[in-house]
$ cat run.cif   # mmCIF, C-alpha atoms and all ligand atoms
data_target
loop_
_atom_site.group_PDB
_atom_site.id
_atom_site.type_symbol
_atom_site.label_atom_id
_atom_site.label_comp_id
_atom_site.auth_asym_id
_atom_site.auth_seq_id
_atom_site.Cartn_x
_atom_site.Cartn_y
_atom_site.Cartn_z
ATOM 1 C CA MET L 4 16.163 -2.476 -0.407
ATOM 2 C CA LYS L 5 17.002 -5.918 0.866
ATOM 3 C CA MET L 6 15.922 -9.470 0.170
ATOM 4 C CA GLN L 7 14.867 -11.788 2.978
ATOM 5 C CA GLN L 8 14.038 -15.475 2.828
ATOM 6 C CA VAL L 9 10.631 -16.015 4.375
ATOM 7 C CA SER L 10 10.240 -19.812 4.153
ATOM 8 C CA ASP L 11 11.559 -22.700 2.005
ATOM 9 C CA ASN L 12 10.284 -21.222 -1.261
ATOM 10 C CA CYS L 13 9.096 -17.731 -0.363
ATOM 11 C CA PHE L 14 11.185 -14.572 -0.440
ATOM 12 C CA ALA L 15 10.535 -10.874 0.062
ATOM 13 C CA VAL L 16 12.196 -7.685 -1.110
ATOM 14 C CA LEU L 17 11.633 -5.010 1.513
ATOM 15 C CA ASN L 18 11.929 -1.231 1.148
ATOM 16 C CA GLU L 19 13.379 -0.214 4.480
ATOM 17 C CA LYS L 20 12.617 3.522 4.353
ATOM 18 C CA ASN L 21 8.968 2.550 4.684
ATOM 19 C CA ARG L 22 7.455 5.822 3.469
ATOM 20 C CA VAL L 23 4.930 6.364 0.666
ATOM 21 C CA CYS L 24 5.745 4.272 -2.445
ATOM 22 C CA ASP L 25 8.211 2.090 -0.501
ATOM 23 C CA ALA L 26 6.250 -1.080 -1.166
ATOM 24 C CA ASN L 27 7.442 -4.661 -0.725
ATOM 25 C CA SER L 28 7.547 -7.436 -3.321
ATOM 26 C CA GLY L 29 7.417 -11.215 -2.967
ATOM 27 C CA LEU L 30 8.692 -14.249 -4.846
ATOM 28 C CA ILE L 31 7.608 -17.875 -4.760
ATOM 29 C CA ASN L 32 10.423 -19.701 -6.506
ATOM 30 C CA ARG L 33 8.630 -22.743 -7.875
ATOM 31 C CA ALA L 34 7.083 -23.778 -11.191
ATOM 32 C CA GLY L 35 8.232 -20.877 -13.321
ATOM 33 C CA GLY L 36 8.365 -18.429 -10.437
ATOM 34 C CA VAL L 37 5.675 -16.046 -9.178
ATOM 35 C CA VAL L 38 6.417 -12.424 -8.326
ATOM 36 C CA ILE L 39 4.015 -10.542 -6.100
ATOM 37 C CA ASP L 40 3.889 -6.773 -6.784
ATOM 38 C CA THR L 41 6.375 -4.947 -8.960
ATOM 39 C CA GLN L 42 7.522 -1.744 -7.178
ATOM 40 C CA SER L 43 6.980 1.974 -7.831
ATOM 41 C CA ASP L 44 9.405 2.754 -10.624
ATOM 42 C CA LEU L 45 11.617 1.022 -13.126
ATOM 43 C CA ALA L 46 14.852 1.406 -11.134
ATOM 44 C CA HIS L 47 13.342 -0.196 -8.027
ATOM 45 C CA ALA L 48 11.718 -2.907 -10.147
ATOM 46 C CA ARG L 49 15.082 -3.729 -11.770
ATOM 47 C CA GLN L 50 16.733 -3.869 -8.370
ATOM 48 C CA MET L 51 14.014 -6.218 -7.134
ATOM 49 C CA ILE L 52 14.407 -8.472 -10.199
ATOM 50 C CA ASP L 53 18.155 -8.506 -9.643
ATOM 51 C CA MET L 54 17.774 -9.540 -5.998
ATOM 52 C CA PHE L 55 15.289 -12.294 -6.803
ATOM 53 C CA SER L 56 17.551 -13.581 -9.604
ATOM 54 C CA LYS L 57 19.931 -14.797 -6.898
ATOM 55 C CA VAL L 58 17.350 -17.399 -5.832
ATOM 56 C CA TRP L 59 15.478 -17.861 -9.119
ATOM 57 C CA PRO L 60 17.738 -17.317 -12.108
ATOM 58 C CA ALA L 61 15.040 -17.191 -14.829
ATOM 59 C CA MET L 62 12.613 -14.302 -15.278
ATOM 60 C CA PRO L 63 9.472 -15.279 -13.297
ATOM 61 C CA ARG L 64 6.629 -16.356 -15.566
ATOM 62 C CA ARG L 65 3.802 -15.081 -13.394
ATOM 63 C CA VAL L 66 3.085 -11.784 -11.629
ATOM 64 C CA VAL L 67 0.344 -11.160 -9.068
ATOM 65 C CA ASN L 68 -0.761 -7.588 -8.349
ATOM 66 C CA THR L 69 -2.246 -7.440 -4.840
ATOM 67 C CA HIS L 70 -4.260 -4.343 -5.843
ATOM 68 C CA GLU L 71 -4.340 -1.419 -8.242
ATOM 69 C CA ASP L 72 -2.096 1.166 -6.552
ATOM 70 C CA ALA L 73 0.857 2.570 -8.493
ATOM 71 C CA ASP L 74 3.480 1.422 -5.997
ATOM 72 C CA HIS L 75 2.527 -2.222 -6.601
ATOM 73 C CA VAL L 76 2.130 -2.248 -10.378
ATOM 74 C CA TRP L 77 4.531 0.224 -11.994
ATOM 75 C CA GLY L 78 7.200 -2.394 -12.656
ATOM 76 C CA ASN L 79 4.770 -4.716 -14.520
ATOM 77 C CA GLN L 80 6.201 -3.740 -17.917
ATOM 78 C CA LEU L 81 9.564 -5.344 -17.114
ATOM 79 C CA PHE L 82 7.967 -8.807 -16.927
ATOM 80 C CA GLU L 83 7.526 -9.211 -20.649
ATOM 81 C CA GLY L 84 5.391 -12.173 -21.606
ATOM 82 C CA ALA L 85 4.516 -12.983 -17.984
ATOM 83 C CA GLU L 86 0.965 -13.862 -17.001
ATOM 84 C CA ILE L 87 -0.291 -11.021 -14.773
ATOM 85 C CA ILE L 88 -2.998 -12.030 -12.312
ATOM 86 C CA ALA L 89 -5.256 -9.787 -10.218
ATOM 87 C CA HIS L 90 -8.798 -9.303 -9.006
ATOM 88 C CA ARG L 91 -11.309 -8.549 -11.767
ATOM 89 C CA SER L 92 -11.645 -4.886 -10.725
ATOM 90 C CA VAL L 93 -7.941 -4.106 -11.005
ATOM 91 C CA PRO L 94 -7.383 -3.270 -14.716
ATOM 92 C CA GLU L 95 -10.108 -0.595 -14.831
ATOM 93 C CA ARG L 96 -9.104 0.801 -11.456
ATOM 94 C CA MET L 97 -5.445 0.971 -12.482
ATOM 95 C CA LYS L 98 -6.365 3.258 -15.364
ATOM 96 C CA HIS L 99 -7.865 5.683 -12.826
ATOM 97 C CA VAL L 100 -5.551 5.523 -9.816
ATOM 98 C CA ALA L 101 -2.222 4.461 -11.358
ATOM 99 C CA ASP L 102 -2.014 6.641 -14.449
ATOM 100 C CA PRO L 103 1.673 7.661 -14.350
ATOM 101 C CA LYS L 104 1.214 11.015 -16.136
ATOM 102 C CA GLU L 105 0.195 13.060 -13.076
ATOM 103 C CA SER L 106 3.058 11.727 -10.967
ATOM 104 C CA GLN L 107 5.578 12.294 -13.765
ATOM 105 C CA LYS L 108 4.333 15.881 -14.082
ATOM 106 C CA LEU L 109 4.593 16.420 -10.335
ATOM 107 C CA LEU L 110 8.202 15.251 -10.056
ATOM 108 C CA HIS L 111 9.258 17.301 -13.074
ATOM 109 C CA GLY L 112 7.479 20.353 -11.586
ATOM 110 C CA VAL L 113 9.108 19.936 -8.185
ATOM 111 C CA GLY L 114 12.479 20.055 -9.950
ATOM 112 C CA ARG L 115 11.692 23.543 -11.318
ATOM 113 C CA PHE L 116 12.161 26.680 -9.220
ATOM 114 C CA LEU L 117 9.052 28.547 -10.367
ATOM 115 C CA THR L 118 6.725 25.593 -9.932
ATOM 116 C CA ARG L 119 8.184 25.097 -6.469
ATOM 117 C CA LEU L 120 7.321 28.689 -5.556
ATOM 118 C CA VAL L 121 3.745 28.310 -6.758
ATOM 119 C CA LEU L 122 3.281 24.991 -5.000
ATOM 120 C CA LYS L 123 4.757 26.368 -1.783
ATOM 121 C CA ALA L 124 2.059 29.040 -1.744
ATOM 122 C CA LEU L 125 -0.883 26.941 -2.911
ATOM 123 C CA HIS L 126 -0.170 23.344 -1.976
ATOM 124 C CA PRO L 127 2.681 23.001 0.525
ATOM 125 C CA GLY L 128 1.707 19.376 1.153
ATOM 126 C CA ILE L 129 1.995 18.455 -2.507
ATOM 127 C CA LEU L 130 5.376 20.186 -2.660
ATOM 128 C CA ALA L 131 6.661 18.364 0.430
ATOM 129 C CA ALA L 132 5.396 15.005 -0.857
ATOM 130 C CA GLY L 133 6.925 15.649 -4.287
ATOM 131 C CA GLN L 134 10.278 16.581 -2.753
ATOM 132 C CA GLN L 135 10.253 13.454 -0.620
ATOM 133 C CA LEU L 136 9.460 11.269 -3.647
ATOM 134 C CA LEU L 137 12.204 12.936 -5.674
ATOM 135 C CA GLU L 138 14.758 11.661 -3.143
ATOM 136 C CA ASP L 139 14.126 8.074 -4.206
ATOM 137 C CA TYR L 140 11.953 7.877 -7.304
ATOM 138 C CA ASN L 141 11.858 8.693 -10.988
ATOM 139 C CA PHE L 142 8.584 7.888 -12.729
ATOM 140 C CA ASP L 143 9.877 8.472 -16.269
ATOM 141 C CA GLY L 144 9.331 5.675 -18.755
ATOM 142 C CA ILE L 145 6.563 3.966 -16.807
ATOM 143 C CA GLU L 146 3.795 2.501 -18.941
ATOM 144 C CA LEU L 147 0.764 0.774 -17.529
ATOM 145 C CA VAL L 148 0.674 -2.947 -18.185
ATOM 146 C CA LEU L 149 -2.655 -4.332 -17.024
ATOM 147 C CA PRO L 150 -3.379 -7.761 -15.560
ATOM 148 C CA THR L 151 -5.090 -10.136 -17.971
ATOM 149 C CA THR L 152 -5.838 -13.174 -15.820
ATOM 150 C CA LEU L 153 -8.703 -11.987 -13.644
ATOM 151 C CA PHE L 154 -10.662 -13.661 -10.860
ATOM 152 C CA ASP L 155 -13.564 -12.893 -8.555
ATOM 153 C CA ALA L 156 -13.532 -14.429 -5.069
ATOM 154 C CA ARG L 157 -10.600 -16.814 -5.227
ATOM 155 C CA TYR L 158 -7.916 -18.181 -7.539
ATOM 156 C CA GLU L 159 -5.654 -21.143 -6.935
ATOM 157 C CA LEU L 160 -2.250 -21.984 -8.352
ATOM 158 C CA ASN L 161 -0.502 -25.291 -8.005
ATOM 159 C CA LEU L 162 3.249 -24.746 -8.232
ATOM 160 C CA ASP L 163 4.655 -28.274 -8.612
ATOM 161 C CA GLY L 164 2.658 -29.441 -5.599
ATOM 162 C CA THR L 165 2.772 -26.201 -3.592
ATOM 163 C CA GLU L 166 -0.673 -24.683 -3.430
ATOM 164 C CA VAL L 167 -1.046 -20.931 -3.550
ATOM 165 C CA HIS L 168 -4.404 -19.338 -2.737
ATOM 166 C CA LEU L 169 -5.278 -15.854 -3.938
ATOM 167 C CA ILE L 170 -8.121 -14.611 -1.742
ATOM 168 C CA TYR L 171 -10.087 -11.467 -2.558
ATOM 169 C CA VAL L 172 -10.547 -9.332 0.575
ATOM 170 C CA GLY L 173 -11.521 -5.961 -0.890
ATOM 171 C CA PRO L 174 -12.497 -3.305 -0.603
ATOM 172 C CA SER L 175 -10.508 -2.848 2.608
ATOM 173 C CA HIS L 176 -7.695 -0.524 1.597
ATOM 174 C CA GLN L 177 -8.393 -0.483 -2.153
ATOM 175 C CA VAL L 178 -11.020 -2.047 -4.389
ATOM 176 C CA GLY L 179 -8.849 -4.908 -5.634
ATOM 177 C CA ASP L 180 -7.276 -6.046 -2.330
ATOM 178 C CA THR L 181 -6.037 -9.622 -2.559
ATOM 179 C CA ILE L 182 -3.964 -11.660 -0.124
ATOM 180 C CA ILE L 183 -1.771 -14.568 -1.229
ATOM 181 C CA HIS L 184 -1.684 -17.548 1.104
ATOM 182 C CA VAL L 185 0.873 -20.350 0.827
ATOM 183 C CA PRO L 186 -0.570 -22.790 3.385
ATOM 184 C CA LYS L 187 2.191 -25.406 3.216
ATOM 185 C CA GLU L 188 4.807 -22.788 4.122
ATOM 186 C CA ARG L 189 2.552 -20.832 6.480
ATOM 187 C CA VAL L 190 3.177 -17.589 4.636
ATOM 188 C CA VAL L 191 0.814 -14.785 3.640
ATOM 189 C CA PHE L 192 1.694 -11.943 1.275
ATOM 190 C CA ALA L 193 -0.796 -9.375 2.504
ATOM 191 C CA GLY L 194 -0.411 -6.417 0.144
ATOM 192 C CA ASP L 195 -1.707 -3.197 1.634
ATOM 193 C CA VAL L 196 -4.290 -4.667 3.922
ATOM 194 C CA LEU L 197 -1.302 -4.756 6.264
ATOM 195 C CA PHE L 198 1.073 -1.877 6.956
ATOM 196 C CA ARG L 199 3.818 -2.555 9.495
ATOM 197 C CA GLN L 200 5.558 0.121 11.573
ATOM 198 C CA CYS L 201 4.112 2.820 9.354
ATOM 199 C CA THR L 202 0.738 4.543 9.449
ATOM 200 C CA PRO L 203 -1.766 2.716 7.243
ATOM 201 C CA VAL L 204 -3.698 4.554 4.570
ATOM 202 C CA GLY L 205 -6.840 3.373 2.870
ATOM 203 C CA TRP L 206 -8.528 4.806 -0.180
ATOM 204 C CA THR L 207 -11.839 3.003 -0.219
ATOM 205 C CA GLY L 208 -13.716 0.329 1.686
ATOM 206 C CA SER L 209 -14.915 0.461 5.273
ATOM 207 C CA TYR L 210 -13.436 0.025 8.722
ATOM 208 C CA ASP L 211 -15.554 -3.070 9.329
ATOM 209 C CA LYS L 212 -14.415 -4.702 6.111
ATOM 210 C CA TRP L 213 -10.794 -3.996 7.011
ATOM 211 C CA PHE L 214 -11.299 -5.490 10.505
ATOM 212 C CA GLN L 215 -12.770 -8.662 8.941
ATOM 213 C CA CYS L 216 -9.790 -8.894 6.671
ATOM 214 C CA LEU L 217 -7.311 -8.539 9.550
ATOM 215 C CA ASP L 218 -9.275 -11.220 11.439
ATOM 216 C CA LEU L 219 -8.919 -13.508 8.430
ATOM 217 C CA LEU L 220 -5.168 -12.884 8.370
ATOM 218 C CA MET L 221 -4.979 -14.032 11.991
ATOM 219 C CA GLN L 222 -7.240 -17.063 11.389
ATOM 220 C CA LEU L 223 -5.017 -18.295 8.563
ATOM 221 C CA ASP L 224 -2.398 -18.610 11.308
ATOM 222 C CA PRO L 225 0.667 -17.833 9.200
ATOM 223 C CA GLN L 226 4.128 -17.978 10.663
ATOM 224 C CA VAL L 227 5.219 -15.040 8.532
ATOM 225 C CA ILE L 228 3.260 -12.209 6.952
ATOM 226 C CA VAL L 229 4.871 -10.079 4.261
ATOM 227 C CA PRO L 230 3.066 -6.744 4.613
ATOM 228 C CA GLY L 231 2.570 -4.379 1.694
ATOM 229 C CA HIS L 232 4.749 -1.879 3.547
ATOM 230 C CA GLY L 233 7.199 -2.421 6.401
ATOM 231 C CA PRO L 234 9.178 -5.315 7.871
ATOM 232 C CA LEU L 235 8.086 -8.962 8.049
ATOM 233 C CA CYS L 236 5.903 -9.925 10.987
ATOM 234 C CA GLY L 237 3.658 -12.611 12.406
ATOM 235 C CA ILE L 238 -0.011 -12.260 13.296
ATOM 236 C CA GLU L 239 0.901 -9.643 15.919
ATOM 237 C CA GLY L 240 1.236 -7.254 12.963
ATOM 238 C CA ALA L 241 -2.429 -7.733 12.088
ATOM 239 C CA ARG L 242 -3.416 -7.423 15.740
ATOM 240 C CA GLU L 243 -1.525 -4.143 16.167
ATOM 241 C CA MET L 244 -2.946 -2.621 13.030
ATOM 242 C CA LYS L 245 -6.450 -3.547 14.094
ATOM 243 C CA ALA L 246 -5.837 -1.877 17.454
ATOM 244 C CA TYR L 247 -4.604 1.263 15.671
ATOM 245 C CA LEU L 248 -7.631 1.459 13.381
ATOM 246 C CA ARG L 249 -9.975 0.899 16.339
ATOM 247 C CA TYR L 250 -8.247 3.633 18.308
ATOM 248 C CA VAL L 251 -8.500 6.101 15.435
ATOM 249 C CA ARG L 252 -12.142 5.316 14.741
ATOM 250 C CA ASP L 253 -13.086 5.687 18.424
ATOM 251 C CA GLU L 254 -11.203 8.972 18.827
ATOM 252 C CA SER L 255 -12.646 10.264 15.555
ATOM 253 C CA LYS L 256 -16.176 9.553 16.787
ATOM 254 C CA LYS L 257 -15.637 11.715 19.863
ATOM 255 C CA CYS L 258 -14.389 14.570 17.678
ATOM 256 C CA PHE L 259 -17.217 14.089 15.179
ATOM 257 C CA ASP L 260 -19.779 14.267 17.997
ATOM 258 C CA ALA L 261 -18.075 17.474 19.188
ATOM 259 C CA SER L 262 -18.553 18.939 15.678
ATOM 260 C CA LEU L 263 -14.833 19.209 14.863
ATOM 261 C CA THR L 264 -13.788 18.947 11.226
ATOM 262 C CA SER L 265 -11.767 15.888 10.257
ATOM 263 C CA LEU L 266 -8.664 18.068 9.930
ATOM 264 C CA ALA L 267 -9.156 19.613 13.374
ATOM 265 C CA ALA L 268 -9.726 16.125 14.759
ATOM 266 C CA ALA L 269 -6.520 14.788 13.222
ATOM 267 C CA LYS L 270 -4.590 17.681 14.725
ATOM 268 C CA GLN L 271 -6.067 16.976 18.122
ATOM 269 C CA ILE L 272 -5.995 13.168 18.343
ATOM 270 C CA GLU L 273 -2.850 11.968 20.120
ATOM 271 C CA PHE L 274 -0.518 9.742 18.129
ATOM 272 C CA GLY L 275 0.089 7.743 21.317
ATOM 273 C CA PRO L 276 2.419 4.770 20.780
ATOM 274 C CA TYR L 277 1.797 5.030 17.030
ATOM 275 C CA GLY L 278 3.888 8.215 16.901
ATOM 276 C CA GLU L 279 6.866 5.839 16.578
ATOM 277 C CA TRP L 280 5.574 4.548 13.227
ATOM 278 C CA ARG L 281 6.706 6.177 10.006
ATOM 279 C CA SER L 282 4.532 8.962 8.579
ATOM 280 C CA PRO L 283 2.300 9.411 11.668
ATOM 281 C CA ALA L 284 0.473 12.431 10.190
ATOM 282 C CA ARG L 285 -1.154 10.121 7.636
ATOM 283 C CA LEU L 286 -3.515 9.751 10.594
ATOM 284 C CA TYR L 287 -5.577 12.418 8.780
ATOM 285 C CA MET L 288 -6.649 9.939 6.115
ATOM 286 C CA ASN L 289 -7.888 7.451 8.678
ATOM 287 C CA VAL L 290 -9.840 10.160 10.485
ATOM 288 C CA GLU L 291 -11.358 11.349 7.206
ATOM 289 C CA ARG L 292 -12.323 7.768 6.350
ATOM 290 C CA ALA L 293 -14.061 7.422 9.714
ATOM 291 C CA TYR L 294 -15.863 10.732 9.139
ATOM 292 C CA ARG L 295 -17.097 9.517 5.758
ATOM 293 C CA GLU L 296 -18.677 6.559 7.509
ATOM 294 C CA PHE L 297 -20.212 8.732 10.248
ATOM 295 C CA ARG L 298 -21.686 10.961 7.516
ATOM 296 C CA ASN L 299 -23.020 7.866 5.674
ATOM 297 C CA GLU L 300 -21.039 8.750 2.571
ATOM 298 C CA PRO L 301 -20.223 6.036 0.047
ATOM 299 C CA PRO L 302 -16.880 4.358 0.822
ATOM 300 C CA ASP L 303 -15.702 4.881 -2.755
ATOM 301 C CA ALA L 304 -16.195 8.676 -2.747
ATOM 302 C CA ALA L 305 -13.203 10.231 -4.558
ATOM 303 C CA TRP L 306 -10.323 11.864 -2.659
ATOM 304 C CA ASP L 307 -9.049 15.327 -3.407
ATOM 305 C CA THR L 308 -5.381 14.344 -3.646
ATOM 306 C CA ALA L 309 -3.939 17.856 -3.272
ATOM 307 C CA GLY L 310 -6.216 18.607 -0.328
ATOM 308 C CA THR L 311 -5.273 15.303 1.315
ATOM 309 C CA PHE L 312 -1.515 15.896 1.086
ATOM 310 C CA ASP L 313 -1.991 19.452 2.317
ATOM 311 C CA ALA L 314 -4.018 18.188 5.277
ATOM 312 C CA ILE L 315 -1.301 15.660 6.212
ATOM 313 C CA TYR L 316 1.221 18.498 5.992
ATOM 314 C CA GLN L 317 -0.891 20.666 8.293
ATOM 315 C CA VAL L 318 -1.303 17.865 10.826
ATOM 316 C CA ALA L 319 2.482 17.397 10.942
ATOM 317 C CA GLU L 320 2.921 21.143 11.402
ATOM 318 C CA ALA L 321 0.360 21.249 14.220
ATOM 319 C CA LYS L 322 2.148 18.372 15.942
ATOM 320 C CA GLY L 323 5.546 20.033 15.540
ATOM 321 C CA ILE L 324 7.056 17.205 13.477
ATOM 322 C CA GLU L 325 8.524 17.156 10.008
ATOM 323 C CA ALA L 326 5.983 16.281 7.328
ATOM 324 C CA GLU L 327 6.505 12.721 6.141
ATOM 325 C CA PHE L 328 4.284 10.959 3.666
HETATM 326 ZN ZN ZN L 401 1.188 0.426 -1.268
#
$ encode --input "run.cif" --output "structure tokens"
Amino acid sequence: MKMQQVSDNCFAVLNEKNRVCDANSGLINRAGGVVIDTQSDLAHARQMIDMFSKVWPAMPRRVVNTHEDADHVWGNQLFEGAEIIAHRSVPERMKHVADPKESQKLLHGVGRFLTRLVLKALHPGILAAGQQLLEDYNFDGIELVLPTTLFDARYELNLDGTEVHLIYVGPSHQVGDTIIHVPKERVVFAGDVLFRQCTPVGWTGSYDKWFQCLDLLMQLDPQVIVPGHGPLCGIEGAREMKAYLRYVRDESKKCFDASLTSLAAAKQIEFGPYGEWRSPARLYMNVERAYREFRNEPPDAAWDTAGTFDAIYQVAEAKGIEAEF
């Protein structure tokens, strides 16, 4: 992890490995301090707090969660007494998608020989993902702390004269997607509507909604965007991700029309230049999302997590690369 200054009063902590769970956090060091997203486990959250303490010595008084995913909210409990702000949907969604029990069970299981054998036979993708997570993460001790200041379309903070706009843009990647715009400093903290140099994943929402959101990112004309995952960028980051999603949707349509399954399609579609990004086999999720739209399924249809990780694993195998999540 490293901290980077983004503008006069904005900072980011970036997780350079840029694989699943390696989310970024932000800090606006004015008027009590605002932290944006709180990391995937307590050790990473403490490291983030430590890094930010070099530019803002007090514990920040406000936290914004850009959405409900575990990797953005599992450090919330360390900000005791802070006001936690998020879109109105986030607390309920967190209870469903960020319950730490399953992930704790998985990492404990992966540490045991017998469970590893069973997983290897039944769910090789889950095993590979669990082993990768075990390299960096420990989910013990995590308790959900839910946001309590909730908003619908928009929420504004005035930090001693610096305006901060929280803009709801979901569902694009998740239901609660929110971007944080600091107009005076030309900075946007994008959460997971922007992945940089790693393959995006989305759990709900539609392609068109995500395109609109990326267009909005470009229209805001920031100098710096802090993505949810990956290094800092300018609006070219939004442009590239839009091009990727377009490419995947177009290729998926051809495969859908040729009656291939989404898994067969993901094995067949070329990574192209995006093979350089981290975790390229996560392509499967974007193909499956496109298929859901072609089949007119609701965008919030639930994912079979084990099946999804196994499919990513199989795509990596078919492409002859090591499975990375
Ligand atoms: Zn994330």
$ residues_around --input "run.cif" --residues "Ile87 in chain L" --least-positions-apart "3" --cutoff "9 Å" --atoms "all atoms listed in the file" --output "PyMOL selection string"
chain L and resi 64-68+79+82+84+148-153
$ closest_atom_pairs --input "run.cif" --of "range 199-309 of chain L" --to "range 21-33 of chain L" --cutoff "7 Å" --atoms "all atoms listed in the file" --output "tab-separated table"
residue	atom	partner	partner_atom	distance
L:Cys201	CA	L:Asn21	CA	6.7
L:Gly231	CA	L:Asn27	CA	5.4
L:His232	CA	L:Ala26	CA	5.0
L:Gly233	CA	L:Asn21	CA	5.5
L:Arg281	CA	L:Arg22	CA	6.6
L:Ser282	CA	L:Arg22	CA	6.7
$ residues_near_ligand --input "run.cif" --ligand "ligand ZN 401 (chain L)" --cutoff "10 Å" --atoms "all atoms listed in the file" --output "short mmCIF file (atom, residue, chain, number, x, y, z; two decimals) with C-alpha atoms, keeping the file's coordinate frame"
data_model
loop_
_atom_site.label_atom_id
_atom_site.label_comp_id
_atom_site.auth_asym_id
_atom_site.auth_seq_id
_atom_site.Cartn_x
_atom_site.Cartn_y
_atom_site.Cartn_z
CA ARG L 22 7.46 5.82 3.47
CA VAL L 23 4.93 6.36 0.67
CA CYS L 24 5.74 4.27 -2.44
CA ASP L 25 8.21 2.09 -0.50
CA ALA L 26 6.25 -1.08 -1.17
CA ASN L 27 7.44 -4.66 -0.72
CA ASP L 40 3.89 -6.77 -6.78
CA GLN L 42 7.52 -1.74 -7.18
CA SER L 43 6.98 1.97 -7.83
CA THR L 69 -2.25 -7.44 -4.84
CA HIS L 70 -4.26 -4.34 -5.84
CA GLU L 71 -4.34 -1.42 -8.24
CA ASP L 72 -2.10 1.17 -6.55
CA ALA L 73 0.86 2.57 -8.49
CA ASP L 74 3.48 1.42 -6.00
CA HIS L 75 2.53 -2.22 -6.60
CA VAL L 76 2.13 -2.25 -10.38
CA HIS L 176 -7.70 -0.52 1.60
CA GLN L 177 -8.39 -0.48 -2.15
CA GLY L 194 -0.41 -6.42 0.14
CA ASP L 195 -1.71 -3.20 1.63
CA VAL L 196 -4.29 -4.67 3.92
CA LEU L 197 -1.30 -4.76 6.26
CA PHE L 198 1.07 -1.88 6.96
CA PRO L 203 -1.77 2.72 7.24
CA VAL L 204 -3.70 4.55 4.57
CA GLY L 205 -6.84 3.37 2.87
CA PRO L 230 3.07 -6.74 4.61
CA GLY L 231 2.57 -4.38 1.69
CA HIS L 232 4.75 -1.88 3.55
#
$ atom_distance --input "run.cif" --atom1 "CA of Ala267 in chain L" --atom2 "CA of Lys212 in chain L"
25.9 Å
$ resolve_selection --input "run.cif" --expression "the PyMOL selection byres (((chain L and resi 171) around 7) and not hetatm)" --output "compact mmCIF listing (two decimals) with C-alpha atoms, in the frame of the given file"
# COMPACT_ATOMS: atom_id res chain seq x y z
CA HIS L 90 -8.80 -9.30 -9.01
CA ALA L 156 -13.53 -14.43 -5.07
CA ARG L 157 -10.60 -16.81 -5.23
CA LEU L 169 -5.28 -15.85 -3.94
CA ILE L 170 -8.12 -14.61 -1.74
CA VAL L 172 -10.55 -9.33 0.57
CA GLY L 173 -11.52 -5.96 -0.89
CA ASP L 180 -7.28 -6.05 -2.33
CA THR L 181 -6.04 -9.62 -2.56
CA ILE L 182 -3.96 -11.66 -0.12
$ atom_distance --input "run.cif" --atom1 "CA of Arg292 in chain L" --atom2 "CA of Asp307 in chain L"
12.8 Å
$ closest_residue --input "run.cif" --among "L:Lys20, L:Arg295, L:Lys123, L:Arg115" --to "Asp139 in chain L" --atoms "all atoms listed in the file"
L:Lys20
$ resolve_selection --input "run.cif" --expression "the PyMOL selection byres (((chain L and resi 287) around 10) and not hetatm)" --output "VMD selection string"
chain L and resid 204 251 265 to 270 272 283 to 286 288 to 293 311 to 312 314 to 319
$ write_last_selection --input "run.cif" --atoms "C-alpha atoms" --output "PDB file, keeping the file's coordinate frame"
ATOM      1  CA  VAL L 204      -3.698   4.554   4.570  1.00  0.00           C
ATOM      2  CA  VAL L 251      -8.500   6.101  15.435  1.00  0.00           C
ATOM      3  CA  SER L 265     -11.767  15.888  10.257  1.00  0.00           C
ATOM      4  CA  LEU L 266      -8.664  18.068   9.930  1.00  0.00           C
ATOM      5  CA  ALA L 267      -9.156  19.613  13.374  1.00  0.00           C
ATOM      6  CA  ALA L 268      -9.726  16.125  14.759  1.00  0.00           C
ATOM      7  CA  ALA L 269      -6.520  14.788  13.222  1.00  0.00           C
ATOM      8  CA  LYS L 270      -4.590  17.681  14.725  1.00  0.00           C
ATOM      9  CA  ILE L 272      -5.995  13.168  18.343  1.00  0.00           C
ATOM     10  CA  PRO L 283       2.300   9.411  11.668  1.00  0.00           C
ATOM     11  CA  ALA L 284       0.473  12.431  10.190  1.00  0.00           C
ATOM     12  CA  ARG L 285      -1.154  10.121   7.636  1.00  0.00           C
ATOM     13  CA  LEU L 286      -3.515   9.751  10.594  1.00  0.00           C
ATOM     14  CA  MET L 288      -6.649   9.939   6.115  1.00  0.00           C
ATOM     15  CA  ASN L 289      -7.888   7.451   8.678  1.00  0.00           C
ATOM     16  CA  VAL L 290      -9.840  10.160  10.485  1.00  0.00           C
ATOM     17  CA  GLU L 291     -11.358  11.349   7.206  1.00  0.00           C
ATOM     18  CA  ARG L 292     -12.323   7.768   6.350  1.00  0.00           C
ATOM     19  CA  ALA L 293     -14.061   7.422   9.714  1.00  0.00           C
ATOM     20  CA  THR L 311      -5.273  15.303   1.315  1.00  0.00           C
ATOM     21  CA  PHE L 312      -1.515  15.896   1.086  1.00  0.00           C
ATOM     22  CA  ALA L 314      -4.018  18.188   5.277  1.00  0.00           C
ATOM     23  CA  ILE L 315      -1.301  15.660   6.212  1.00  0.00           C
ATOM     24  CA  TYR L 316       1.221  18.498   5.992  1.00  0.00           C
ATOM     25  CA  GLN L 317      -0.891  20.666   8.293  1.00  0.00           C
ATOM     26  CA  VAL L 318      -1.303  17.865  10.826  1.00  0.00           C
ATOM     27  CA  ALA L 319       2.482  17.397  10.942  1.00  0.00           C
TER      28      ALA L 319
END
$ resolve_selection --input "run.cif" --expression "the PyMOL selection byres (((chain L and resi 45-54) around 7) and not hetatm)" --output "list in words"
Met6, Val16, Thr41, Gln42, Ser43, Asp44, Phe55, Ser56, Lys57, Gly78 and Ile145 of chain L
$ atom_distance --input "run.cif" --atom1 "CA of His99 in chain L" --atom2 "CA of Gly133 in chain L"
19.8 Å
$ axis_aligned_box --input "run.cif" --around "range 213-224 of chain L" --padding-each-side "8 Å" --output "lines of an AutoDock Vina configuration file"
center_x = -7.6
center_y = -11.3
center_z = 9.3
size_x = 26.4
size_y = 30.6
size_z = 21.3
